Amino acid sequence: FIHHQLSDIPRSPSITQEIWRAWTKGYVSMNRQFADAIADVVEQTDRKVIVMPQDYHLYMLPKFLRERLGFDVQIQPFIHIPWPGPDTWLMIPKQMRTALLDSLLQSDRVGFQTQRDAFNFVQTCRFHQPEAHSHGSRNSIHYFGRKVGAQAYPISIDVEAVEKLADQPSTKKYADEISNFVGNRKLILRIDRVEPSKNIIRGLQAYRALIEAYPKHRGKVQMLALLVPSRMEVDEYQSYLQEIMAEAGFINANYGTGTWEPVRILLGDNYPRAIAAMRLYDVLLVNPIADGMNLVAKEGVLVNENDGV
């Protein structure tokens, strides 16, 4: 939530004793176990090794790897989600923040989705780590005599694989079903995991504003939302899904007719169906406020056959 700037600042995060135990006995301990397992393998080879930890789950890994292996190994974490500016990191205790940043700065370079994320990381380290200096650079930090890179490596999609899937008979069958459902209406499509960072509720509210302000579109547009449940064991995610369904229900109850359901939501993880829908949209609605690298936007423009926007 800190990465996506989604915290309810007056209320969360609240760093309780339970959170401190989860930090010491869970997060830090798990990262040390990962580092030990990796080091055991690296020590058995004479080849040069690059270790590439992925995302926020393994921020403490570089520190523990350095303790075991020194500088005989290259370490390059990649962070899939946004990196916010320095002030956002004030919401976690200094002890945690310092440990996380110090560990990441044990890397040779840190990869991000965008140059803005990389620059925010540089600024965060400058503000919060007294020994970190950028010397005017936007993509590197000097830390205890070492230069640590902060580089943008935006993730792509597998173009050939997506195009191949789009041409599969099963995908075409889904496309036929969706086409029959939409009929001669214009299709507004969104495809998201059910995560607060995807900003789904505001997208529905914008659609409601459209059909309120322009009655001529009623019955002539169709919103289809293909949503993949995510982290349903987390209270905030459960509540978010409930709010999504409530907003969609409000729109359908107030504007729907016997022949027109303004919003259709389909829950489930069905990638071929998603690709099929992308072939058909007139509008692909992608509106996260803070996201890593939204692959739906790339997949959509690749496979769309309807001159969609």
# chains A, B, ... in the order shown; residues from 1 in each chain; ligands from 1
call {"tool": "select_by_dssp", "arguments": {"residues": "segment 58-249 of chain A", "states": "helix (DSSP H, G or I)", "output": "ChimeraX atom specification"}}
result
/A:58,61-69,86-91,94-104,115-128,159-166,169-182,196-198,200-213,215-217,235-249
call {"tool": "residues_around", "arguments": {"residues": "Pro272 of chain A", "least_positions_apart": "6", "cutoff": "8 Å", "atoms": "only C-alpha atoms", "output": "PyMOL selection string"}}
result
chain A and resi 165-166+170-171+174
call {"tool": "residues_around", "arguments": {"residues": "segment 115-117 of chain A", "least_positions_apart": "6", "cutoff": "12 Å", "atoms": "only C-alpha atoms", "output": "ChimeraX atom specification"}}
result
/A:3-4,78-86,123-124,138-140,149-154,290-293
call {"tool": "write_last_selection", "arguments": {"atoms": "N, CA and C atoms", "output": "JSON list (two decimals), in the first residue's frame"}}
result
[["chain", "number", "residue", "atom", "x", "y", "z"],
["A", 3, "HIS", "N", 3.82, 1.53, -1.53],
["A", 3, "HIS", "CA", 4.30, 1.66, -2.91],
["A", 3, "HIS", "C", 3.25, 2.31, -3.81],
["A", 4, "HIS", "N", 2.00, 1.90, -3.64],
["A", 4, "HIS", "CA", 0.92, 2.43, -4.48],
["A", 4, "HIS", "C", 0.25, 3.66, -3.88],
["A", 78, "PHE", "N", 14.67, -6.38, -9.12],
["A", 78, "PHE", "CA", 13.75, -5.68, -10.01],
["A", 78, "PHE", "C", 12.44, -5.45, -9.25],
["A", 79, "ILE", "N", 11.95, -4.21, -9.34],
["A", 79, "ILE", "CA", 10.76, -3.81, -8.59],
["A", 79, "ILE", "C", 9.63, -3.58, -9.58],
["A", 80, "HIS", "N", 8.60, -4.41, -9.50],
["A", 80, "HIS", "CA", 7.53, -4.41, -10.50],
["A", 80, "HIS", "C", 6.50, -3.32, -10.29],
["A", 81, "ILE", "N", 6.49, -2.73, -9.12],
["A", 81, "ILE", "CA", 5.44, -1.78, -8.75],
["A", 81, "ILE", "C", 6.04, -0.38, -8.65],
["A", 82, "PRO", "N", 5.21, 0.66, -8.50],
["A", 82, "PRO", "CA", 5.77, 2.01, -8.46],
["A", 82, "PRO", "C", 6.67, 2.22, -7.24],
["A", 83, "TRP", "N", 7.60, 3.15, -7.38],
["A", 83, "TRP", "CA", 8.38, 3.59, -6.22],
["A", 83, "TRP", "C", 7.99, 5.04, -5.94],
["A", 84, "PRO", "N", 7.34, 5.30, -4.81],
["A", 84, "PRO", "CA", 6.87, 6.67, -4.52],
["A", 84, "PRO", "C", 8.00, 7.55, -4.02],
["A", 85, "GLY", "N", 7.68, 8.84, -3.88],
["A", 85, "GLY", "CA", 8.67, 9.80, -3.43],
["A", 85, "GLY", "C", 9.04, 9.66, -1.97],
["A", 86, "PRO", "N", 10.04, 10.43, -1.52],
["A", 86, "PRO", "CA", 10.61, 10.24, -0.17],
["A", 86, "PRO", "C", 9.60, 10.37, 0.96],
["A", 123, "GLN", "N", 16.00, 9.69, -4.95],
["A", 123, "GLN", "CA", 15.63, 10.76, -4.02],
["A", 123, "GLN", "C", 15.33, 10.22, -2.62],
["A", 124, "THR", "N", 14.65, 9.06, -2.57],
["A", 124, "THR", "CA", 14.34, 8.46, -1.28],
["A", 124, "THR", "C", 15.62, 8.12, -0.51],
["A", 138, "ARG", "N", 20.49, 11.23, -11.66],
["A", 138, "ARG", "CA", 19.10, 10.80, -11.51],
["A", 138, "ARG", "C", 18.97, 9.28, -11.51],
["A", 139, "ASN", "N", 20.05, 8.57, -11.82],
["A", 139, "ASN", "CA", 19.94, 7.12, -11.97],
["A", 139, "ASN", "C", 21.06, 6.35, -11.27],
["A", 140, "SER", "N", 21.63, 6.95, -10.23],
["A", 140, "SER", "CA", 22.64, 6.22, -9.46],
["A", 140, "SER", "C", 22.81, 6.88, -8.09],
["A", 149, "GLY", "N", 23.50, 1.52, -9.29],
["A", 149, "GLY", "CA", 22.65, 2.01, -10.36],
["A", 149, "GLY", "C", 21.18, 1.92, -10.01],
["A", 150, "ALA", "N", 20.39, 2.84, -10.56],
["A", 150, "ALA", "CA", 18.93, 2.79, -10.48],
["A", 150, "ALA", "C", 18.42, 2.99, -11.90],
["A", 151, "GLN", "N", 18.07, 1.89, -12.54],
["A", 151, "GLN", "CA", 17.81, 1.91, -13.98],
["A", 151, "GLN", "C", 16.37, 1.47, -14.29],
["A", 152, "ALA", "N", 15.84, 2.02, -15.38],
["A", 152, "ALA", "CA", 14.51, 1.62, -15.85],
["A", 152, "ALA", "C", 14.64, 0.52, -16.89],
["A", 153, "TYR", "N", 13.97, -0.59, -16.64],
["A", 153, "TYR", "CA", 13.90, -1.72, -17.57],
["A", 153, "TYR", "C", 12.43, -2.09, -17.76],
["A", 154, "PRO", "N", 11.66, -1.28, -18.48],
["A", 154, "PRO", "CA", 10.21, -1.53, -18.56],
["A", 154, "PRO", "C", 9.91, -2.91, -19.15],
["A", 290, "ALA", "N", -1.66, 4.76, -9.71],
["A", 290, "ALA", "CA", -0.26, 4.38, -9.56],
["A", 290, "ALA", "C", -0.14, 2.91, -9.91],
["A", 291, "ASP", "N", 0.63, 2.60, -10.94],
["A", 291, "ASP", "CA", 0.77, 1.22, -11.39],
["A", 291, "ASP", "C", 2.23, 0.98, -11.76],
["A", 292, "GLY", "N", 2.60, -0.29, -11.83],
["A", 292, "GLY", "CA", 3.95, -0.61, -12.26],
["A", 292, "GLY", "C", 4.07, -0.45, -13.77],
["A", 293, "MET", "N", 3.76, -1.50, -14.50],
["A", 293, "MET", "CA", 3.71, -1.42, -15.95],
["A", 293, "MET", "C", 2.48, -2.20, -16.37]]
call {"tool": "residues_around", "arguments": {"residues": "segment 57-72 of chain A", "least_positions_apart": "6", "cutoff": "12 Å", "atoms": "only C-alpha atoms", "output": "PyMOL selection string"}}
result
chain A and resi 23-24+26-51+78-81+96-110+146
call {"tool": "residues_around", "arguments": {"residues": "segment 195-212 of chain A", "least_positions_apart": "4", "cutoff": "7 Å", "atoms": "only C-alpha atoms", "output": "MDAnalysis selection string"}}
result
chainID A and resid 4 217:218 230 237 240 244 247:248 251 287:291
call {"tool": "write_last_selection", "arguments": {"atoms": "C-alpha atoms", "output": "short mmCIF file (atom, residue, chain, number, x, y, z; two decimals), in the first residue's frame"}}
result
data_model
loop_
_atom_site.label_atom_id
_atom_site.label_comp_id
_atom_site.auth_asym_id
_atom_site.auth_seq_id
_atom_site.Cartn_x
_atom_site.Cartn_y
_atom_site.Cartn_z
CA HIS A 4 0.92 2.43 -4.48
CA HIS A 217 -25.69 6.70 -25.23
CA ARG A 218 -28.07 4.68 -23.06
CA SER A 230 -6.67 -11.04 -5.92
CA TYR A 237 -9.38 -6.35 -1.02
CA TYR A 240 -12.94 -3.24 -2.51
CA ILE A 244 -17.14 -2.56 -7.04
CA GLU A 247 -21.39 0.48 -7.80
CA ALA A 248 -22.11 -1.80 -10.76
CA ILE A 251 -25.70 1.61 -12.31
CA ASN A 287 -7.09 4.13 -15.33
CA PRO A 288 -4.83 3.22 -12.39
CA ILE A 289 -3.49 6.17 -10.43
CA ALA A 290 -0.26 4.38 -9.56
CA ASP A 291 0.77 1.22 -11.39
#
call {"tool": "select_by_dssp", "arguments": {"residues": "segment 109-268 of chain A", "states": "strand (DSSP E)", "output": "PyMOL selection string"}}
result
chain A and resi 109-112+132-133+140-143+146-152+186-193+221-228+263-267
call {"tool": "closest_residue", "arguments": {"among": "A:Ala213, A:Ile178, A:Ile275, A:Ile15", "to": "Leu295 of chain A", "atoms": "only C-alpha atoms"}}
result
A:Ile275
call {"tool": "residues_around", "arguments": {"residues": "Val296 of chain A", "least_positions_apart": "2", "cutoff": "10 Å", "atoms": "only C-alpha atoms", "output": "PyMOL selection string"}}
result
chain A and resi 157+190-192+274-275+278+284-286+293-294+298-302
call {"tool": "write_last_selection", "arguments": {"atoms": "all heavy atoms", "output": "short mmCIF file (atom, residue, chain, number, x, y, z; two decimals), in the first residue's frame"}}
result
data_model
loop_
_atom_site.label_atom_id
_atom_site.label_comp_id
_atom_site.auth_asym_id
_atom_site.auth_seq_id
_atom_site.Cartn_x
_atom_site.Cartn_y
_atom_site.Cartn_z
N ILE A 157 5.65 -7.56 -23.21
CA ILE A 157 4.82 -8.75 -23.34
C ILE A 157 5.42 -9.64 -24.41
O ILE A 157 6.22 -9.19 -25.24
CB ILE A 157 3.36 -8.39 -23.71
CG1 ILE A 157 3.31 -7.63 -25.04
CG2 ILE A 157 2.71 -7.58 -22.59
CD1 ILE A 157 1.91 -7.36 -25.54
N ARG A 190 -12.81 -3.24 -19.58
CA ARG A 190 -11.69 -3.14 -18.65
C ARG A 190 -11.35 -4.53 -18.14
O ARG A 190 -12.23 -5.37 -17.95
CB ARG A 190 -11.98 -2.17 -17.52
CG ARG A 190 -12.98 -2.57 -16.48
CD ARG A 190 -13.00 -1.51 -15.37
NE ARG A 190 -11.65 -1.29 -14.85
CZ ARG A 190 -11.15 -0.06 -14.60
NH1 ARG A 190 -11.86 1.02 -14.79
NH2 ARG A 190 -9.91 0.06 -14.13
N ILE A 191 -10.05 -4.77 -17.95
CA ILE A 191 -9.54 -6.06 -17.49
C ILE A 191 -8.53 -5.77 -16.39
O ILE A 191 -7.50 -5.12 -16.63
CB ILE A 191 -8.88 -6.84 -18.64
CG1 ILE A 191 -9.88 -7.09 -19.77
CG2 ILE A 191 -8.30 -8.15 -18.12
CD1 ILE A 191 -9.26 -7.63 -21.04
N ASP A 192 -8.82 -6.21 -15.19
CA ASP A 192 -7.97 -5.88 -14.05
C ASP A 192 -7.99 -7.00 -13.02
O ASP A 192 -8.96 -7.74 -12.90
CB ASP A 192 -8.49 -4.62 -13.32
CG ASP A 192 -8.65 -3.42 -14.21
OD1 ASP A 192 -7.66 -2.70 -14.41
OD2 ASP A 192 -9.77 -3.19 -14.69
N ALA A 274 -9.99 -12.98 -21.86
CA ALA A 274 -9.53 -11.60 -21.84
C ALA A 274 -8.96 -11.19 -23.19
O ALA A 274 -9.26 -10.10 -23.70
CB ALA A 274 -8.48 -11.42 -20.74
N ILE A 275 -8.15 -12.06 -23.78
CA ILE A 275 -7.58 -11.75 -25.10
C ILE A 275 -8.69 -11.63 -26.14
O ILE A 275 -8.66 -10.74 -27.01
CB ILE A 275 -6.56 -12.82 -25.51
CG1 ILE A 275 -5.34 -12.80 -24.56
CG2 ILE A 275 -6.11 -12.62 -26.95
CD1 ILE A 275 -4.54 -11.52 -24.61
N MET A 278 -10.29 -8.30 -25.81
CA MET A 278 -9.42 -7.24 -26.31
C MET A 278 -9.49 -7.10 -27.83
O MET A 278 -9.27 -6.01 -28.37
CB MET A 278 -7.96 -7.49 -25.88
CG MET A 278 -7.70 -7.31 -24.41
SD MET A 278 -5.94 -7.55 -24.07
CE MET A 278 -5.99 -8.08 -22.36
N LEU A 284 -10.81 0.70 -24.49
CA LEU A 284 -10.17 -0.08 -23.43
C LEU A 284 -9.85 0.90 -22.30
O LEU A 284 -9.05 1.82 -22.46
CB LEU A 284 -8.88 -0.73 -23.94
CG LEU A 284 -8.12 -1.59 -22.93
CD1 LEU A 284 -8.94 -2.78 -22.48
CD2 LEU A 284 -6.78 -2.06 -23.53
N LEU A 285 -10.51 0.71 -21.17
CA LEU A 285 -10.39 1.64 -20.05
C LEU A 285 -9.32 1.14 -19.08
O LEU A 285 -9.50 0.11 -18.42
CB LEU A 285 -11.75 1.79 -19.34
CG LEU A 285 -11.80 2.74 -18.15
CD1 LEU A 285 -11.33 4.14 -18.53
CD2 LEU A 285 -13.20 2.79 -17.56
N VAL A 286 -8.22 1.86 -19.01
CA VAL A 286 -7.10 1.54 -18.12
C VAL A 286 -6.80 2.81 -17.33
O VAL A 286 -6.26 3.76 -17.88
CB VAL A 286 -5.86 1.08 -18.91
CG1 VAL A 286 -4.73 0.70 -17.96
CG2 VAL A 286 -6.20 -0.08 -19.83
N MET A 293 3.76 -1.50 -14.50
CA MET A 293 3.71 -1.42 -15.95
C MET A 293 2.48 -2.20 -16.37
O MET A 293 2.45 -3.43 -16.29
CB MET A 293 4.97 -2.03 -16.58
CG MET A 293 5.00 -1.96 -18.09
SD MET A 293 4.93 -0.29 -18.76
CE MET A 293 6.43 0.43 -18.13
N ASN A 294 1.45 -1.50 -16.80
CA ASN A 294 0.16 -2.14 -17.07
C ASN A 294 0.23 -2.89 -18.41
O ASN A 294 0.27 -2.26 -19.47
CB ASN A 294 -0.96 -1.10 -17.08
CG ASN A 294 -2.32 -1.76 -17.03
OD1 ASN A 294 -2.72 -2.44 -17.97
ND2 ASN A 294 -3.03 -1.58 -15.94
N LYS A 298 -0.79 -2.86 -23.25
CA LYS A 298 0.06 -3.32 -24.36
C LYS A 298 -0.61 -4.46 -25.13
O LYS A 298 -0.59 -4.50 -26.35
CB LYS A 298 1.42 -3.76 -23.82
CG LYS A 298 2.21 -2.64 -23.16
CD LYS A 298 3.61 -3.08 -22.77
CE LYS A 298 4.40 -1.91 -22.22
NZ LYS A 298 5.81 -2.24 -21.97
N GLU A 299 -1.20 -5.39 -24.38
CA GLU A 299 -1.88 -6.52 -25.04
C GLU A 299 -3.06 -6.03 -25.87
O GLU A 299 -3.30 -6.51 -26.98
CB GLU A 299 -2.35 -7.52 -23.98
CG GLU A 299 -1.22 -8.20 -23.25
CD GLU A 299 -1.67 -8.85 -21.95
OE1 GLU A 299 -2.69 -8.41 -21.38
OE2 GLU A 299 -0.99 -9.79 -21.50
N GLY A 300 -3.78 -5.04 -25.32
CA GLY A 300 -4.97 -4.54 -26.00
C GLY A 300 -4.67 -3.96 -27.36
O GLY A 300 -5.31 -4.31 -28.36
N VAL A 301 -3.67 -3.07 -27.42
CA VAL A 301 -3.36 -2.44 -28.71
C VAL A 301 -2.76 -3.44 -29.69
O VAL A 301 -2.83 -3.24 -30.90
CB VAL A 301 -2.44 -1.23 -28.55
CG1 VAL A 301 -3.10 -0.15 -27.71
CG2 VAL A 301 -1.11 -1.62 -27.91
N LEU A 302 -2.18 -4.51 -29.18
CA LEU A 302 -1.60 -5.52 -30.06
C LEU A 302 -2.68 -6.32 -30.80
O LEU A 302 -2.58 -6.55 -32.01
CB LEU A 302 -0.72 -6.47 -29.24
CG LEU A 302 -0.13 -7.67 -30.00
CD1 LEU A 302 0.83 -7.20 -31.09
CD2 LEU A 302 0.56 -8.63 -29.04
#
